[in-house]
Amino acid sequence: MVVQTVLLELKKNCMVLTDNLVGISEHINEMMRLLKVGSNDTRIVGIYGMGGIGKTTIAKCIYKKLVCCFECCSFLENIQKATPHKGLVSLQKRLAHGTLKSCPDIIDVNSGIDIIKQRFLNKKVLIVLDDLNEKSQFDYLVRNCEFYGRGSRIIVTTRDKHCLNVIQVDATYEPPFMNSVQSLQLFSMHAFRKKFPPKDFDDISKKVASFAAGLPLTLEVIGSFLSDKTKVVWEYTLKKLKKLPANKVQERLKISYDKLNYEQKQIFLDIACHFIGMDKTGAFYMWDDCGYYPEEGIIVLCLMSLVKIGDDNVLRMHDQLRDLGREIVREEDRQNPGGRSRLWDRKEALDVLKECRGTKKVEVLSLKLLYNDMSLTCREFRKLFNLRYLQVDSGNFVGDFKHHFSQLRWLCWKKCPHDFEAIHFHMKNLVVLDLSYSSITENWEGWSQIEMSNKLKVLNLTNCNLRRTPDFSANASLEILILDHCGKLVEIDPSIGNLKNLRVLNISWSKIRNLPDEIWMLEKLEVIDASGCSCLEGNIPIGIGRFSSLRHSSLIHTKIQSLPTSICELSCLQTLDLDFCIKLEVVPDLPSSLEILKVKHFGSRNLRVTPSVANLVNLQELGFSGLRGYVELSRDIEKFTKLQVLMLDHSNIRTLPKGIDALSRLKILTVRSCDDLQCILGLPSSLVELSLEYCVSMERLPDLSNLKKL
């Protein structure tokens, strides 16, 4: 909880810095001119320049500014290494999902471009391709403007201007380096959290900022590093900057890295080499078990602008910092990759294993995209004594591993085969195990080996062929259990009751019919996700009241009939999602702690009375859609001061309650297809989105003149 609180404060600070981003308005104005947004022709505009100049930041600002003006929008980041054989299919799926909110079955890049062409035809789209470096990437993602509707816009960022010439973009923009005044302002915002430095630091701030060569990334990193440091540290840093060649950007960034302690350096290098774009949860468990103090380390790295964590808990890092981290690892042994601490390149990793050139220095190893029938023998791992993270896609382990993997904390073995051919596969220090997308069943022989891992904290069995879960009796330390999209899973073993430390249970989109009574004994459970469990039916038992730690519960598309009155006792519950529970008859009083409540009920005649929201003063999002009963909002609606999203689609509401205009945080209001809606008395000036489609009884709009943010 400590790290979450501090990261939340960091995000607030970052938002302040973004709002005051030096010179960004000039870039936006120039890009808007080049994009010619008001015209109906389709345009491709490129942004080029060296790493760290701010290309991605500019593209993101433009994207956020224009996203509401297009039918389909998608921002594809870091595509520079994607090739027709690796990565482009995934990007095509991301493009389709991001724009059309669906994930089509794309088998290869050729079928992918055909699907994109068919689905995007005549649609007005906004697409950003960030960090492009090959024409083939452009061709397999957007091909040409003929696919899209009039007024579409495509933005491409790249370090290579020649790439834009080959694509034949309509216009290009090279962000200029910051001048001395802008550099000082941006530096000061990160060093002092204000536009200008204090008088006693004014002179030295100007000198330090001048050595950042006008690059926003360098100014941000060095400014963040010097924040709250003594004058002595400032003087030392200035001397070091003076010795560095003007064109050595990474050397300037390395000043911050050098000041990290050992544990923080390990976390930084792990992220740079392996974990960019990954959820932080598994990494935190591994780092914690290795004694790297991740809560403190991540806070330090974020404060120094070396790492960022998004709202989705995904680890992010600028590509210049990524390259710095990987170069530091390469310097460990230039000649033999097996003498380095981390191996992320598939070819290098395979060569090291096949030629048995690995050493005890290797700690993190990634073997992606192996062949299904490829065997990994104990001989190839015999010198890798200190391996703590191993990623293997497909393939199988063969032989006696008795003296191997004693230090392994995280095994990611996706698509592992049903046949288990290893013996003595004892991973006593394992804390994270990911077996997702595997053909394993409840009879898989590997379960007996996993029972030896009594420190296991995370078990991911997404999309496996299980009909029944394995026996969990030996895994009492387990905190996260993921059974998402196990399409054959119908039963949870009663041994789940032994998992007294379980915090997260995800059984979404499985065929589970009943939850065993033992589940209601898990008093530390914080998240239960049963979304899409279409076979789950009956009444949720009164035992749910024991979930004193429960924060999030999703029962979307289940056939449950009622919730017990004991749900009101869940004082920590923040999210309750009951969308499309077509057999739901009763929703009792709910705890005042709720922040998000969704009850979407199209086609159901069972739930006729809207759940009471009178006491839910902490609500941030409320969705009552498709309810046939009378929708009644609290007469004292102005007391819902935290409400940001209100959705009342397909309801019989006649008028929005008086006082809704006092909701100063409300950003999104939708009342679509409300046939009886006759009037809206007033609206809050905070609204960003207002939707009143198909409200056939409403003859005129309310006064919108105060909606400056709409």
# chains A, B, ... in the order shown; residues from 1 in each chain; ligands from 1

call {"tool": "select_by_dssp", "arguments": {"residues": "stretch 275-466 of chain A", "states": "alpha helix (DSSP H)", "output": "VMD selection string"}}
result
chain A and resid 280 to 289 294 to 303 319 to 330 346 to 354 447 to 450

call {"tool": "write_last_selection", "arguments": {"atoms": "N, CA and C atoms", "output": "short mmCIF file (atom, residue, chain, number, x, y, z; two decimals), in the first residue's frame"}}
result
data_model
loop_
_atom_site.label_atom_id
_atom_site.label_comp_id
_atom_site.auth_asym_id
_atom_site.auth_seq_id
_atom_site.Cartn_x
_atom_site.Cartn_y
_atom_site.Cartn_z
N LYS A 280 3.72 -4.89 -13.28
CA LYS A 280 4.78 -4.87 -12.27
C LYS A 280 4.62 -5.96 -11.21
N THR A 281 3.45 -6.61 -11.14
CA THR A 281 3.15 -7.49 -10.01
C THR A 281 4.16 -8.63 -9.87
N GLY A 282 4.37 -9.40 -10.96
CA GLY A 282 5.29 -10.52 -10.89
C GLY A 282 6.70 -10.09 -10.57
N ALA A 283 7.13 -8.99 -11.21
CA ALA A 283 8.48 -8.48 -10.98
C ALA A 283 8.67 -8.09 -9.52
N PHE A 284 7.65 -7.46 -8.91
CA PHE A 284 7.75 -7.07 -7.51
C PHE A 284 7.96 -8.29 -6.61
N TYR A 285 7.22 -9.35 -6.88
CA TYR A 285 7.38 -10.57 -6.07
C TYR A 285 8.80 -11.12 -6.20
N MET A 286 9.33 -11.16 -7.41
CA MET A 286 10.69 -11.68 -7.62
C MET A 286 11.72 -10.79 -6.92
N TRP A 287 11.64 -9.48 -7.14
CA TRP A 287 12.61 -8.56 -6.55
C TRP A 287 12.56 -8.62 -5.02
N ASP A 288 11.36 -8.73 -4.49
CA ASP A 288 11.21 -8.79 -3.04
C ASP A 288 11.89 -10.04 -2.47
N ASP A 289 11.71 -11.17 -3.14
CA ASP A 289 12.30 -12.41 -2.65
C ASP A 289 13.82 -12.42 -2.81
N PRO A 294 11.77 -3.77 -3.67
CA PRO A 294 11.19 -3.11 -4.86
C PRO A 294 10.32 -1.91 -4.55
N GLU A 295 9.63 -1.89 -3.40
CA GLU A 295 8.78 -0.74 -3.11
C GLU A 295 9.61 0.53 -3.01
N GLU A 296 10.73 0.44 -2.29
CA GLU A 296 11.62 1.59 -2.20
C GLU A 296 12.30 1.87 -3.53
N GLY A 297 12.77 0.80 -4.19
CA GLY A 297 13.52 0.95 -5.44
C GLY A 297 12.71 1.60 -6.55
N ILE A 298 11.47 1.17 -6.72
CA ILE A 298 10.63 1.73 -7.78
C ILE A 298 10.31 3.19 -7.51
N ILE A 299 10.08 3.52 -6.25
CA ILE A 299 9.82 4.92 -5.91
C ILE A 299 11.01 5.78 -6.27
N VAL A 300 12.22 5.31 -5.94
CA VAL A 300 13.44 6.06 -6.27
C VAL A 300 13.59 6.21 -7.77
N LEU A 301 13.39 5.11 -8.52
CA LEU A 301 13.53 5.15 -9.98
C LEU A 301 12.51 6.08 -10.62
N CYS A 302 11.29 6.10 -10.09
CA CYS A 302 10.26 7.00 -10.61
C CYS A 302 10.60 8.45 -10.28
N LEU A 303 11.05 8.69 -9.06
CA LEU A 303 11.41 10.05 -8.67
C LEU A 303 12.56 10.59 -9.52
N ASP A 319 13.07 4.81 -24.54
CA ASP A 319 13.98 3.93 -25.28
C ASP A 319 15.44 4.31 -25.12
N GLN A 320 15.74 5.59 -24.85
CA GLN A 320 17.13 5.97 -24.59
C GLN A 320 17.63 5.34 -23.29
N LEU A 321 16.77 5.30 -22.28
CA LEU A 321 17.14 4.67 -21.00
C LEU A 321 17.21 3.15 -21.15
N ARG A 322 16.30 2.60 -21.95
CA ARG A 322 16.38 1.16 -22.25
C ARG A 322 17.71 0.81 -22.90
N ASP A 323 18.10 1.61 -23.90
CA ASP A 323 19.36 1.36 -24.59
C ASP A 323 20.54 1.51 -23.64
N LEU A 324 20.45 2.48 -22.72
CA LEU A 324 21.51 2.65 -21.73
C LEU A 324 21.65 1.40 -20.87
N GLY A 325 20.53 0.90 -20.36
CA GLY A 325 20.56 -0.29 -19.52
C GLY A 325 21.13 -1.50 -20.25
N ARG A 326 20.74 -1.70 -21.50
CA ARG A 326 21.23 -2.85 -22.25
C ARG A 326 22.71 -2.71 -22.59
N GLU A 327 23.15 -1.48 -22.82
CA GLU A 327 24.57 -1.27 -23.09
C GLU A 327 25.41 -1.54 -21.84
N ILE A 328 24.90 -1.19 -20.68
CA ILE A 328 25.59 -1.49 -19.42
C ILE A 328 25.77 -3.00 -19.27
N VAL A 329 24.73 -3.76 -19.62
CA VAL A 329 24.82 -5.22 -19.51
C VAL A 329 25.80 -5.77 -20.54
N ARG A 330 25.80 -5.26 -21.77
CA ARG A 330 26.74 -5.73 -22.79
C ARG A 330 28.19 -5.50 -22.35
N ARG A 346 16.93 -13.51 -28.43
CA ARG A 346 16.64 -14.95 -28.59
C ARG A 346 17.82 -15.70 -29.18
N LYS A 347 18.42 -15.16 -30.23
CA LYS A 347 19.52 -15.85 -30.90
C LYS A 347 20.73 -16.00 -29.96
N GLU A 348 21.07 -14.91 -29.27
CA GLU A 348 22.20 -14.99 -28.35
C GLU A 348 21.93 -16.00 -27.24
N ALA A 349 20.71 -15.97 -26.70
CA ALA A 349 20.37 -16.89 -25.61
C ALA A 349 20.45 -18.35 -26.07
N LEU A 350 19.93 -18.63 -27.27
CA LEU A 350 19.97 -20.00 -27.79
C LEU A 350 21.41 -20.45 -28.04
N ASP A 351 22.21 -19.56 -28.60
CA ASP A 351 23.62 -19.91 -28.85
C ASP A 351 24.35 -20.23 -27.56
N VAL A 352 24.10 -19.43 -26.53
CA VAL A 352 24.75 -19.66 -25.23
C VAL A 352 24.36 -21.03 -24.68
N LEU A 353 23.08 -21.39 -24.79
CA LEU A 353 22.64 -22.67 -24.27
C LEU A 353 23.17 -23.84 -25.09
N LYS A 354 22.99 -23.78 -26.39
CA LYS A 354 23.38 -24.90 -27.25
C LYS A 354 24.89 -25.16 -27.21
N TRP A 447 2.55 -31.28 -11.82
CA TRP A 447 1.98 -30.73 -10.58
C TRP A 447 2.74 -31.20 -9.35
N SER A 448 3.18 -32.44 -9.36
CA SER A 448 3.90 -32.97 -8.19
C SER A 448 5.21 -32.24 -7.96
N GLN A 449 5.83 -31.74 -9.04
CA GLN A 449 7.06 -30.98 -8.89
C GLN A 449 6.77 -29.59 -8.33
N ILE A 450 5.67 -29.01 -8.77
CA ILE A 450 5.31 -27.67 -8.33
C ILE A 450 4.96 -27.66 -6.84
#

call {"tool": "select_by_dssp", "arguments": {"residues": "stretch 130-186 of chain A", "states": "strand (DSSP E or B)", "output": "tab-separated table (two decimals) with C-alpha atoms, in the first residue's frame"}}
result
chain	number	residue	atom	x	y	z
A	153	ARG	CA	-5.01	11.20	-40.10
A	154	ILE	CA	-1.91	9.05	-39.63
A	155	ILE	CA	1.02	10.30	-37.53
A	156	VAL	CA	4.42	8.58	-37.74
A	157	THR	CA	7.35	9.21	-35.39
A	158	THR	CA	10.86	8.03	-36.26
A	171	ALA	CA	4.44	16.69	-44.34
A	172	THR	CA	7.28	16.34	-41.82
A	173	TYR	CA	8.14	18.07	-38.58

call {"tool": "closest_residue", "arguments": {"among": "A:Phe196, A:Phe268, A:Phe401, A:Phe547", "to": "A:Ser566", "atoms": "only C-alpha atoms"}}
result
A:Phe547

call {"tool": "residues_around", "arguments": {"residues": "A:Arg513", "least_positions_apart": "2", "cutoff": "8 Å", "atoms": "only C-alpha atoms", "output": "ChimeraX atom specification"}}
result
/A:490-491,511,515,533,535-537

call {"tool": "residues_around", "arguments": {"residues": "A:Leu411", "least_positions_apart": "3", "cutoff": "12 Å", "atoms": "only C-alpha atoms", "output": "number ranges by chain"}}
result
A: 282-283, 286, 364-367, 387-393, 405-408, 414, 416, 425-436, 450, 453, 456, 458-460

call {"tool": "write_last_selection", "arguments": {"atoms": "N, CA and C atoms", "output": "short mmCIF file (atom, residue, chain, number, x, y, z; two decimals), in the first residue's frame"}}
result
data_model
loop_
_atom_site.label_atom_id
_atom_site.label_comp_id
_atom_site.auth_asym_id
_atom_site.auth_seq_id
_atom_site.Cartn_x
_atom_site.Cartn_y
_atom_site.Cartn_z
N GLY A 282 4.37 -9.40 -10.96
CA GLY A 282 5.29 -10.52 -10.89
C GLY A 282 6.70 -10.09 -10.57
N ALA A 283 7.13 -8.99 -11.21
CA ALA A 283 8.48 -8.48 -10.98
C ALA A 283 8.67 -8.09 -9.52
N MET A 286 9.33 -11.16 -7.41
CA MET A 286 10.69 -11.68 -7.62
C MET A 286 11.72 -10.79 -6.92
N VAL A 364 19.12 -13.62 -15.61
CA VAL A 364 17.84 -13.43 -16.29
C VAL A 364 17.99 -13.88 -17.73
N LEU A 365 17.11 -14.80 -18.17
CA LEU A 365 17.26 -15.42 -19.49
C LEU A 365 15.89 -15.54 -20.15
N SER A 366 15.81 -15.05 -21.39
CA SER A 366 14.55 -15.11 -22.13
C SER A 366 14.74 -15.91 -23.41
N LEU A 367 13.93 -16.96 -23.55
CA LEU A 367 13.95 -17.81 -24.75
C LEU A 367 12.56 -17.79 -25.37
N LEU A 387 20.44 -18.45 -11.94
CA LEU A 387 19.29 -18.03 -12.74
C LEU A 387 18.10 -17.76 -11.83
N ARG A 388 17.55 -16.53 -11.89
CA ARG A 388 16.39 -16.19 -11.06
C ARG A 388 15.14 -15.93 -11.88
N TYR A 389 15.29 -15.66 -13.20
CA TYR A 389 14.14 -15.47 -14.09
C TYR A 389 14.41 -16.23 -15.37
N LEU A 390 13.44 -17.05 -15.78
CA LEU A 390 13.58 -17.83 -17.02
C LEU A 390 12.26 -17.78 -17.77
N GLN A 391 12.32 -17.33 -19.02
CA GLN A 391 11.16 -17.32 -19.89
C GLN A 391 11.38 -18.28 -21.04
N VAL A 392 10.47 -19.23 -21.17
CA VAL A 392 10.55 -20.23 -22.24
C VAL A 392 9.18 -20.33 -22.89
N ASP A 393 9.09 -19.97 -24.16
CA ASP A 393 7.85 -20.13 -24.91
C ASP A 393 7.92 -21.44 -25.67
N PHE A 405 18.28 -24.71 -11.02
CA PHE A 405 17.13 -23.85 -10.71
C PHE A 405 16.90 -23.63 -9.21
N SER A 406 17.94 -23.80 -8.40
CA SER A 406 17.75 -23.59 -6.96
C SER A 406 17.51 -22.13 -6.62
N GLN A 407 17.95 -21.21 -7.51
CA GLN A 407 17.76 -19.78 -7.27
C GLN A 407 16.62 -19.20 -8.10
N LEU A 408 15.96 -20.04 -8.89
CA LEU A 408 14.91 -19.54 -9.80
C LEU A 408 13.72 -19.03 -9.01
N LYS A 414 5.23 -20.60 -21.10
CA LYS A 414 3.98 -20.59 -21.84
C LYS A 414 3.99 -21.70 -22.90
N CYS A 416 3.56 -24.78 -22.64
CA CYS A 416 4.30 -26.00 -22.30
C CYS A 416 3.46 -27.22 -22.67
N PHE A 425 12.62 -31.74 -10.87
CA PHE A 425 12.44 -30.37 -11.33
C PHE A 425 11.98 -29.53 -10.14
N HIS A 426 12.84 -29.48 -9.13
CA HIS A 426 12.47 -28.85 -7.86
C HIS A 426 12.89 -27.39 -7.84
N MET A 427 11.92 -26.51 -7.77
CA MET A 427 12.20 -25.08 -7.76
C MET A 427 11.74 -24.53 -6.40
N LYS A 428 12.55 -24.79 -5.38
CA LYS A 428 12.14 -24.50 -4.01
C LYS A 428 11.99 -23.02 -3.72
N ASN A 429 12.62 -22.14 -4.52
CA ASN A 429 12.53 -20.70 -4.29
C ASN A 429 11.58 -20.00 -5.26
N LEU A 430 10.83 -20.77 -6.04
CA LEU A 430 9.95 -20.19 -7.04
C LEU A 430 8.83 -19.39 -6.39
N VAL A 431 8.62 -18.15 -6.83
CA VAL A 431 7.52 -17.32 -6.31
C VAL A 431 6.51 -16.98 -7.39
N VAL A 432 6.90 -17.03 -8.68
CA VAL A 432 5.98 -16.75 -9.78
C VAL A 432 6.08 -17.87 -10.81
N LEU A 433 4.93 -18.45 -11.15
CA LEU A 433 4.89 -19.50 -12.18
C LEU A 433 3.79 -19.17 -13.18
N ASP A 434 4.18 -19.02 -14.43
CA ASP A 434 3.25 -18.68 -15.51
C ASP A 434 3.24 -19.82 -16.52
N LEU A 435 2.15 -20.58 -16.55
CA LEU A 435 1.99 -21.71 -17.48
C LEU A 435 0.86 -21.43 -18.47
N SER A 436 0.60 -20.18 -18.75
CA SER A 436 -0.54 -19.81 -19.59
C SER A 436 -0.43 -20.36 -21.01
N ILE A 450 5.67 -29.01 -8.77
CA ILE A 450 5.31 -27.67 -8.33
C ILE A 450 4.96 -27.66 -6.84
N SER A 453 7.36 -26.21 -4.48
CA SER A 453 7.56 -24.76 -4.44
C SER A 453 6.62 -24.14 -3.41
N LEU A 456 5.53 -20.30 -3.49
CA LEU A 456 4.85 -19.79 -4.68
C LEU A 456 3.79 -18.75 -4.30
N VAL A 458 2.41 -16.49 -7.06
CA VAL A 458 1.58 -16.23 -8.24
C VAL A 458 1.54 -17.48 -9.12
N LEU A 459 0.34 -17.93 -9.46
CA LEU A 459 0.17 -19.06 -10.38
C LEU A 459 -0.78 -18.63 -11.49
N ASN A 460 -0.26 -18.57 -12.71
CA ASN A 460 -1.04 -18.12 -13.87
C ASN A 460 -1.31 -19.31 -14.78
#

call {"tool": "residues_around", "arguments": {"residues": "A:Glu621", "least_positions_apart": "4", "cutoff": "12 Å", "atoms": "only C-alpha atoms", "output": "number ranges by chain"}}
result
A: 574-577, 594-599, 613, 616-617, 640-648, 665-670

call {"tool": "residues_around", "arguments": {"residues": "A:Gly545", "least_positions_apart": "6", "cutoff": "9 Å", "atoms": "only C-alpha atoms", "output": "compact mmCIF listing (two decimals) with C-alpha atoms, in the first residue's frame"}}
result
# COMPACT_ATOMS: atom_id res chain seq x y z
CA TRP A 520 -15.86 -18.09 1.58
CA PRO A 564 -27.04 -11.51 0.26
CA THR A 565 -27.65 -8.60 2.63
CA SER A 566 -24.24 -9.36 4.18
CA ILE A 567 -22.60 -7.64 1.18
CA CYS A 568 -23.29 -4.38 2.99
CA GLU A 569 -20.67 -5.45 5.56
CA LEU A 570 -17.84 -5.30 3.00

call {"tool": "closest_residue", "arguments": {"among": "A:Ile113, A:Ile107, A:Ala614, A:Ile127", "to": "A:Phe75", "atoms": "only C-alpha atoms"}}
result
A:Ile127
